[in-house]
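Have a look at the structure below before the remarks.
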Amino acid sequence: MSYQTVIIEDDPMIALLNRGFVERDRRFRVAREFRDGRSALRWFRENTADLLILDVYMPALTGVELLRRLREMEVGVDAIMVTAANDAKTVDGLLKLGVVDYLVKPFTRERFQQALDTFCHHREAVSQQSGSVTQQELDAIFCRGAPPESLPKGLQSQTMARLRECLAATAGAGCTSDELAASAGLSAVTVRRYMNYLVERGEVESRINYDTGGRPSVLYCPKQ
């Protein structure tokens, strides 16, 4: 199952950037894109989605007005704001409309990914509940800050953090699993498991290096 995502952004370059960030994460699928809020509102009268990537400043209908209309229509879509609007009144109004996260342009890919992770954390936490909810379960749903990264079975957060540090130290030049293993004090087999995960996630890219003078090797480097 993929979370159906709608991007509403009047700047084509920012819309393209948002789409790229969303599509890097296999948990999401971009269902539609709109350049103004009014077109999106018409679409939502007969369709639905899980998540909005929404700007504030748009022609015809602003992001604030669109979100208010959707709430009046009882459309239960979540929203991540990606906008240059950072005045206190706008931020307060959007928070009262229940936005999941708020990103001020310009933003980094890592911060965008954190917003997607926060959305998934909330959705998964709610879906696991049935009947009454304990305080501990509510605390997990409404946790502050970035949720802990949910790693596949067998991968450890401390090891992941160490490998990310080692990759960052290469300054984008890339390194092999053997080089990462030596730097992090791990086995090459372990490193490859973590790198495969990061490649699938879209955080790291791999390429074949034929300039070794011998057997080709795989180079890993963070995506820019």
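In the structure tokens, chains take the letters A, B, ... in the order shown, each chain's residues start at 1, and ligands count up from 1 in the order shown.
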Quiz prompt | Distance query stretch 41-48 of chain A at most 12 Å, only C-alpha atoms, self and fewer than 4 positions along chain excluded, as a ChimeraX atom specification | solution = /A:3-6,8,31-37,52,60-63,65-78
Self-check item: Residue nearest A:Arg111 among A:Val218, A:Leu198, A:Leu163, A:Val82 (counting only C-alpha atoms)
Solution: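 Counting only C-alpha atoms, the residue closest to A:Arg111 is A:Val82.
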Quiz prompt | Contact residues around A:Gly20 with only C-alpha atoms at 12 Å, ignoring same-chain residues under 3 positions, as a ChimeraX atom specification | solution = /A:7,13-17,23-26,28-30,109,112-113,202
Quiz item: Just asking: which residues within stretch 183-218 of chain A are strand (DSSP E) according to DSSP, as a list of chain:residue names?
Solution: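 These are the residues in question: A:Val204, A:Glu205, A:Ser206, A:Arg207, A:Ile208, A:Asn209, A:Ser217, A:Val218.
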Write the residues of the preceding selection, restricted to C-alpha atoms, as a tab-separated table (two decimals), in the first residue's frame.
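The file below, out.tsv, is the result:
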chain	number	residue	atom	x	y	z
A	204	VAL	CA	22.46	6.87	-1.03
A	205	GLU	CA	23.36	6.08	-4.62
A	206	SER	CA	25.61	3.28	-5.83
A	207	ARG	CA	27.64	3.07	-9.01
A	208	ILE	CA	30.14	0.67	-10.52
A	209	ASN	CA	33.76	1.86	-10.53
A	217	SER	CA	33.90	-2.31	-7.31
A	218	VAL	CA	30.71	-0.66	-6.07
Practice problem: Could you give me, as a PyMOL selection string, each residue of stretch 147-221 of chain A that DSSP assigns to alpha helix (DSSP H) when run on this structure's backbone? | Solution: chain A and resi 157-168+177-184+188-201
With N, CA and C atoms retained, could you export that selection as an mmCIF file, in the first residue's frame?
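Listed below is the output, again25.cif:
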data_model
loop_
_atom_site.group_PDB
_atom_site.id
_atom_site.type_symbol
_atom_site.label_atom_id
_atom_site.label_comp_id
_atom_site.auth_asym_id
_atom_site.auth_seq_id
_atom_site.Cartn_x
_atom_site.Cartn_y
_atom_site.Cartn_z
ATOM 1 N N SER A 157 20.129 1.462 14.963
ATOM 2 C CA SER A 157 20.196 2.901 14.740
ATOM 3 C C SER A 157 21.597 3.460 14.980
ATOM 4 N N GLN A 158 22.323 2.949 15.981
ATOM 5 C CA GLN A 158 23.666 3.454 16.260
ATOM 6 C C GLN A 158 24.622 3.125 15.107
ATOM 7 N N THR A 159 24.507 1.913 14.575
ATOM 8 C CA THR A 159 25.341 1.517 13.437
ATOM 9 C C THR A 159 24.996 2.361 12.220
ATOM 10 N N MET A 160 23.704 2.606 12.009
ATOM 11 C CA MET A 160 23.276 3.431 10.888
ATOM 12 C C MET A 160 23.849 4.840 11.004
ATOM 13 N N ALA A 161 23.794 5.406 12.202
ATOM 14 C CA ALA A 161 24.328 6.752 12.415
ATOM 15 C C ALA A 161 25.826 6.801 12.132
ATOM 16 N N ARG A 162 26.551 5.758 12.570
ATOM 17 C CA ARG A 162 27.985 5.714 12.336
ATOM 18 C C ARG A 162 28.310 5.654 10.843
ATOM 19 N N LEU A 163 27.584 4.847 10.099
ATOM 20 C CA LEU A 163 27.825 4.721 8.662
ATOM 21 C C LEU A 163 27.463 6.008 7.924
ATOM 22 N N ARG A 164 26.422 6.690 8.373
ATOM 23 C CA ARG A 164 26.071 7.970 7.753
ATOM 24 C C ARG A 164 27.191 8.994 7.969
ATOM 25 N N GLU A 165 27.785 8.981 9.152
ATOM 26 C CA GLU A 165 28.900 9.878 9.426
ATOM 27 C C GLU A 165 30.087 9.565 8.510
ATOM 28 N N CYS A 166 30.371 8.289 8.344
ATOM 29 C CA CYS A 166 31.494 7.882 7.490
ATOM 30 C C CYS A 166 31.250 8.275 6.040
ATOM 31 N N LEU A 167 30.003 8.114 5.576
ATOM 32 C CA LEU A 167 29.669 8.509 4.213
ATOM 33 C C LEU A 167 29.794 10.017 4.025
ATOM 34 N N ALA A 168 29.321 10.772 5.008
ATOM 35 C CA ALA A 168 29.387 12.231 4.921
ATOM 36 C C ALA A 168 30.829 12.712 4.848
ATOM 37 N N SER A 177 32.401 -0.645 0.076
ATOM 38 C CA SER A 177 31.966 -1.255 1.331
ATOM 39 C C SER A 177 33.164 -1.629 2.198
ATOM 40 N N ASP A 178 34.265 -2.034 1.560
ATOM 41 C CA ASP A 178 35.472 -2.367 2.326
ATOM 42 C C ASP A 178 36.037 -1.128 3.010
ATOM 43 N N GLU A 179 36.024 0.007 2.300
ATOM 44 C CA GLU A 179 36.529 1.248 2.893
ATOM 45 C C GLU A 179 35.627 1.719 4.027
ATOM 46 N N LEU A 180 34.314 1.616 3.817
ATOM 47 C CA LEU A 180 33.376 1.973 4.887
ATOM 48 C C LEU A 180 33.545 1.056 6.093
ATOM 49 N N ALA A 181 33.735 -0.237 5.818
ATOM 50 C CA ALA A 181 33.909 -1.207 6.903
ATOM 51 C C ALA A 181 35.136 -0.866 7.733
ATOM 52 N N ALA A 182 36.241 -0.521 7.073
ATOM 53 C CA ALA A 182 37.462 -0.176 7.791
ATOM 54 C C ALA A 182 37.281 1.097 8.603
ATOM 55 N N SER A 183 36.578 2.059 8.038
ATOM 56 C CA SER A 183 36.363 3.333 8.721
ATOM 57 C C SER A 183 35.440 3.198 9.926
ATOM 58 N N ALA A 184 34.405 2.349 9.780
ATOM 59 C CA ALA A 184 33.404 2.214 10.847
ATOM 60 C C ALA A 184 33.708 1.076 11.809
ATOM 61 N N ALA A 188 32.465 -5.975 6.019
ATOM 62 C CA ALA A 188 31.958 -5.516 4.729
ATOM 63 C C ALA A 188 30.555 -6.060 4.467
ATOM 64 N N VAL A 189 30.288 -7.259 4.935
ATOM 65 C CA VAL A 189 28.953 -7.850 4.761
ATOM 66 C C VAL A 189 27.904 -7.010 5.482
ATOM 67 N N THR A 190 28.222 -6.591 6.705
ATOM 68 C CA THR A 190 27.307 -5.746 7.476
ATOM 69 C C THR A 190 27.090 -4.417 6.775
ATOM 70 N N VAL A 191 28.162 -3.812 6.297
ATOM 71 C CA VAL A 191 28.069 -2.525 5.621
ATOM 72 C C VAL A 191 27.166 -2.621 4.401
ATOM 73 N N ARG A 192 27.305 -3.684 3.619
ATOM 74 C CA ARG A 192 26.497 -3.817 2.414
ATOM 75 C C ARG A 192 25.004 -3.919 2.739
ATOM 76 N N ARG A 193 24.662 -4.561 3.833
ATOM 77 C CA ARG A 193 23.251 -4.645 4.243
ATOM 78 C C ARG A 193 22.687 -3.247 4.507
ATOM 79 N N TYR A 194 23.464 -2.431 5.218
ATOM 80 C CA TYR A 194 23.004 -1.076 5.519
ATOM 81 C C TYR A 194 22.962 -0.221 4.256
ATOM 82 N N MET A 195 23.950 -0.368 3.393
ATOM 83 C CA MET A 195 23.974 0.417 2.165
ATOM 84 C C MET A 195 22.816 0.042 1.243
ATOM 85 N N ASN A 196 22.470 -1.230 1.176
ATOM 86 C CA ASN A 196 21.336 -1.656 0.360
ATOM 87 C C ASN A 196 20.049 -0.989 0.834
ATOM 88 N N TYR A 197 19.911 -0.873 2.148
ATOM 89 C CA TYR A 197 18.733 -0.204 2.711
ATOM 90 C C TYR A 197 18.718 1.273 2.331
ATOM 91 N N LEU A 198 19.854 1.943 2.469
ATOM 92 C CA LEU A 198 19.920 3.374 2.169
ATOM 93 C C LEU A 198 19.748 3.653 0.676
ATOM 94 N N VAL A 199 20.224 2.754 -0.165
ATOM 95 C CA VAL A 199 20.026 2.889 -1.608
ATOM 96 C C VAL A 199 18.544 2.751 -1.939
ATOM 97 N N GLU A 200 17.884 1.760 -1.355
ATOM 98 C CA GLU A 200 16.453 1.542 -1.605
ATOM 99 C C GLU A 200 15.636 2.718 -1.104
ATOM 100 N N ARG A 201 16.069 3.316 -0.015
ATOM 101 C CA ARG A 201 15.378 4.466 0.576
ATOM 102 C C ARG A 201 15.580 5.730 -0.255
#
Quiz prompt | Selection: 6 Å around A:Gly174, only C-alpha atoms, excl. self and same-chain fewer than 3 positions, as a list in words | solution =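 Listed by chain and then number, they are Leu219, Tyr220 and Cys221 of chain A.
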Self-check item: Counting only C-alpha atoms, the residue of A:Asp117, A:Leu151, A:Asp10, A:Pro216 that sits nearest A:Thr176
Solution: A:Pro216
Quiz item: Using only C-alpha atoms, which of A:Ala49, A:Cys175, A:Leu97, A:Ala40 sits nearest A:Ser2?
Solution: A:Ala49
